[in-house]
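Asks: Encoded as structure tokens, here's the structure I'll be asking about.
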Amino acid sequence: QVQLVESGGGLVQAGGSLRLSCAASGRTVTNGAMGWFRQAPGKERECVAAISWSADNTYSAESVKGRFTISRDNAKNTVTLQMNSLRPEDTAVYYCAADPGAKNWYAGHFEYEYDYWGQGTQVTVSS
């Protein structure tokens with residue numbers, strides 16, 4: 001079993017920055033992909049960013065390219081999402097997800113690919 005705990009959410013003004021962190025415990029997830037998803041009220045959950053175990057491959061949604069950066073520290077079992085130039089439309093609950101079975105080079109961006117999920121952290125961007 002894997003437990004994922006997100007932190008770093010909060011309220012920020014448009015143009016500001018936040019840094020989300022996800023700590024994994026339990027069964028090691030170091031051999032799999034990690035991702036950040038978000039869900040805004042009334043909308044479907046979408047992948048914001050994902051990173052392979054090797055960190056060679058990353059995925060970023062078009063809406064966040066150039067503003068959000070995903071990174072990971074396999075030794076610490078953590079994944080981080082640095083969010084800059086935040087916009088009101090980034091307001092959502094952000095979820096960390098793990099896919100321990102992914103190939104080392106793979107960074108999936110579909111929900112069904114991820115087996116474990118955190119509880120989510122709220123990010124609110126005011127205009």
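Each chain of the structure tokens is named A, B, ... in the order shown, its residues numbered from 1; ligands are numbered from 1 in display order.
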Got a sec: who's within 10 Å of segment 12-26 of chain A, counting only C-alpha atoms, leaving out chain neighbours fewer than 6 positions off, as a PyMOL selection string?
Replies: chain A and resi 1-6+34-36+67-74+76-91+94-98+116+118+120-121+123-127
Asks: Report, in Å with one decimal, the straight-line distance from atom CA of Ser7 of chain A to atom CA of Gly108 of chain A.
Replies: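 Taking atom CA of Ser7 of chain A and atom CA of Gly108 of chain A, their separation equals 22.2 Å.
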Asks: Report as a ChimeraX atom specification all protein, DNA and RNA residues lying within 9 Å of Gly101 of chain A, evaluated on only C-alpha atoms, omitting residues in the same chain fewer than 3 positions from it.
Replies: /A:29,31-33,98,104,114-115
Asks: Atoms to include: all heavy atoms. Write the selected residues as a short mmCIF file (atom, residue, chain, number, x, y, z; two decimals), in the first residue's frame.
Replies:
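See part_12.cif below for the written result:
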```
data_model
loop_
_atom_site.label_atom_id
_atom_site.label_comp_id
_atom_site.auth_asym_id
_atom_site.auth_seq_id
_atom_site.Cartn_x
_atom_site.Cartn_y
_atom_site.Cartn_z
N VAL A 29 7.59 3.92 -4.13
CA VAL A 29 7.09 4.33 -5.43
C VAL A 29 8.21 4.82 -6.32
O VAL A 29 7.97 5.39 -7.37
CB VAL A 29 6.04 5.44 -5.28
CG1 VAL A 29 4.83 4.92 -4.56
CG2 VAL A 29 6.62 6.66 -4.60
N ASN A 31 10.09 3.46 -8.30
CA ASN A 31 10.23 2.88 -9.62
C ASN A 31 9.05 3.18 -10.53
O ASN A 31 8.77 2.43 -11.45
CB ASN A 31 10.40 1.36 -9.50
CG ASN A 31 11.75 1.02 -8.92
OD1 ASN A 31 12.71 1.74 -9.09
ND2 ASN A 31 11.81 -0.10 -8.21
N GLY A 32 8.36 4.22 -10.27
CA GLY A 32 7.20 4.51 -11.09
C GLY A 32 7.03 5.99 -11.38
O GLY A 32 7.82 6.81 -10.97
N ALA A 33 5.98 6.27 -12.12
CA ALA A 33 5.67 7.66 -12.47
C ALA A 33 4.91 8.34 -11.34
O ALA A 33 4.22 7.69 -10.55
CB ALA A 33 4.85 7.70 -13.74
N ALA A 98 0.36 8.34 -7.88
CA ALA A 98 1.52 7.48 -8.11
C ALA A 98 1.14 6.27 -8.97
O ALA A 98 0.08 5.68 -8.78
CB ALA A 98 2.09 7.00 -6.78
N ASN A 104 10.38 2.85 -16.25
CA ASN A 104 11.20 3.91 -15.68
C ASN A 104 11.20 5.21 -16.48
O ASN A 104 11.42 6.28 -15.93
CB ASN A 104 12.65 3.43 -15.52
CG ASN A 104 12.77 2.39 -14.42
OD1 ASN A 104 11.83 2.16 -13.67
ND2 ASN A 104 13.93 1.78 -14.34
N TYR A 114 -2.97 5.72 -12.93
CA TYR A 114 -2.46 5.92 -11.59
C TYR A 114 -3.25 5.12 -10.56
O TYR A 114 -4.47 5.13 -10.55
CB TYR A 114 -2.48 7.43 -11.26
CG TYR A 114 -1.41 8.16 -12.02
CD1 TYR A 114 -1.63 8.58 -13.33
CD2 TYR A 114 -0.16 8.39 -11.46
CE1 TYR A 114 -0.63 9.20 -14.06
CE2 TYR A 114 0.84 9.03 -12.17
CZ TYR A 114 0.61 9.42 -13.48
OH TYR A 114 1.60 10.04 -14.18
N ASP A 115 -2.50 4.41 -9.71
CA ASP A 115 -3.11 3.50 -8.76
C ASP A 115 -3.36 4.11 -7.40
O ASP A 115 -4.24 3.67 -6.66
CB ASP A 115 -2.19 2.28 -8.58
CG ASP A 115 -1.92 1.56 -9.89
OD1 ASP A 115 -2.90 1.24 -10.58
OD2 ASP A 115 -0.74 1.34 -10.21
#
```
Asks: List the neighbours of Glu62 of chain A out to 12 Å using only C-alpha atoms; skip same-chain residues closer than 4 positions along the sequence, and give me the result as a list in words.
Replies: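 Those residues are Glu46, Cys47, Val48, Ala49, Gly66, Arg67 and Phe68 of chain A.
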Asks: Those same residues - N, CA, C and O atoms - I'd like them written as a PDB file, in the first residue's frame.
Replies:
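selection_10.pdb written:
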```pdb
ATOM      1  N   GLU A  46      -8.096  16.680 -14.276  1.00  0.00           N
ATOM      2  CA  GLU A  46      -7.162  16.689 -15.387  1.00  0.00           C
ATOM      3  C   GLU A  46      -5.737  16.608 -14.863  1.00  0.00           C
ATOM      4  O   GLU A  46      -5.429  17.049 -13.751  1.00  0.00           O
ATOM      5  N   CYS A  47      -4.879  16.058 -15.703  1.00  0.00           N
ATOM      6  CA  CYS A  47      -3.468  15.984 -15.353  1.00  0.00           C
ATOM      7  C   CYS A  47      -2.815  17.326 -15.643  1.00  0.00           C
ATOM      8  O   CYS A  47      -2.942  17.864 -16.731  1.00  0.00           O
ATOM      9  N   VAL A  48      -2.110  17.818 -14.647  1.00  0.00           N
ATOM     10  CA  VAL A  48      -1.377  19.073 -14.791  1.00  0.00           C
ATOM     11  C   VAL A  48       0.058  18.792 -15.226  1.00  0.00           C
ATOM     12  O   VAL A  48       0.584  19.438 -16.134  1.00  0.00           O
ATOM     13  N   ALA A  49       0.663  17.819 -14.567  1.00  0.00           N
ATOM     14  CA  ALA A  49       2.051  17.485 -14.876  1.00  0.00           C
ATOM     15  C   ALA A  49       2.339  16.072 -14.402  1.00  0.00           C
ATOM     16  O   ALA A  49       1.703  15.577 -13.472  1.00  0.00           O
ATOM     17  N   GLY A  66       5.334  26.381 -19.193  1.00  0.00           N
ATOM     18  CA  GLY A  66       6.055  27.618 -18.970  1.00  0.00           C
ATOM     19  C   GLY A  66       5.777  28.253 -17.625  1.00  0.00           C
ATOM     20  O   GLY A  66       6.454  29.209 -17.232  1.00  0.00           O
ATOM     21  N   ARG A  67       4.791  27.714 -16.888  1.00  0.00           N
ATOM     22  CA  ARG A  67       4.456  28.282 -15.580  1.00  0.00           C
ATOM     23  C   ARG A  67       4.661  27.275 -14.452  1.00  0.00           C
ATOM     24  O   ARG A  67       5.079  27.650 -13.356  1.00  0.00           O
ATOM     25  N   PHE A  68       4.354  26.008 -14.705  1.00  0.00           N
ATOM     26  CA  PHE A  68       4.468  24.963 -13.687  1.00  0.00           C
ATOM     27  C   PHE A  68       5.642  24.050 -14.018  1.00  0.00           C
ATOM     28  O   PHE A  68       5.874  23.730 -15.183  1.00  0.00           O
TER      29      PHE A  68
END
```
Asks: Return the single residue from A:Leu11, A:Gln122, A:Thr58, A:Gln39 that is closest to His109 of chain A, with distances computed using only C-alpha atoms.
Replies: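 That would be A:Thr58, the residue with the smallest distance to His109 of chain A.
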Asks: Select from chain A everything DSSP, run on the backbone, classes as strand (DSSP E or B), then give the selection as an NGL selection string.
Replies: :A and (2-7 or 10-13 or 18-26 or 33-39 or 46-51 or 58-60 or 68-73 or 78-83 or 92-99 or 116-117 or 121-126)
Asks: Which of chain A counts as helix (DSSP H, G or I) under DSSP, as a PDB file with C-alpha atoms, in the first residue's frame please?
Replies:
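Heads up, here's the output in part-v3.pdb:
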```pdb
ATOM      1  CA  GLU A  62      -0.792  23.086 -22.370  1.00  0.00           C
ATOM      2  CA  SER A  63      -2.521  25.397 -19.939  1.00  0.00           C
ATOM      3  CA  VAL A  64       0.431  25.329 -17.525  1.00  0.00           C
ATOM      4  CA  PRO A  88      -7.638  32.454 -11.227  1.00  0.00           C
ATOM      5  CA  GLU A  89      -8.371  29.545 -13.563  1.00  0.00           C
ATOM      6  CA  ASP A  90      -5.716  27.513 -11.730  1.00  0.00           C
ATOM      7  CA  GLU A 111      -6.221   9.073 -14.530  1.00  0.00           C
ATOM      8  CA  TYR A 112      -6.622   5.359 -15.106  1.00  0.00           C
ATOM      9  CA  GLU A 113      -2.859   4.915 -15.220  1.00  0.00           C
TER      10      GLU A 113
END
```
Asks: Figure out the distance between atom CA of Ala61 of chain A and atom CA of Arg38 of chain A, please, to one decimal in Å.
Replies: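 Interatomic distance, atom CA of Arg38 of chain A to atom CA of Ala61 of chain A: 11.0 Å.
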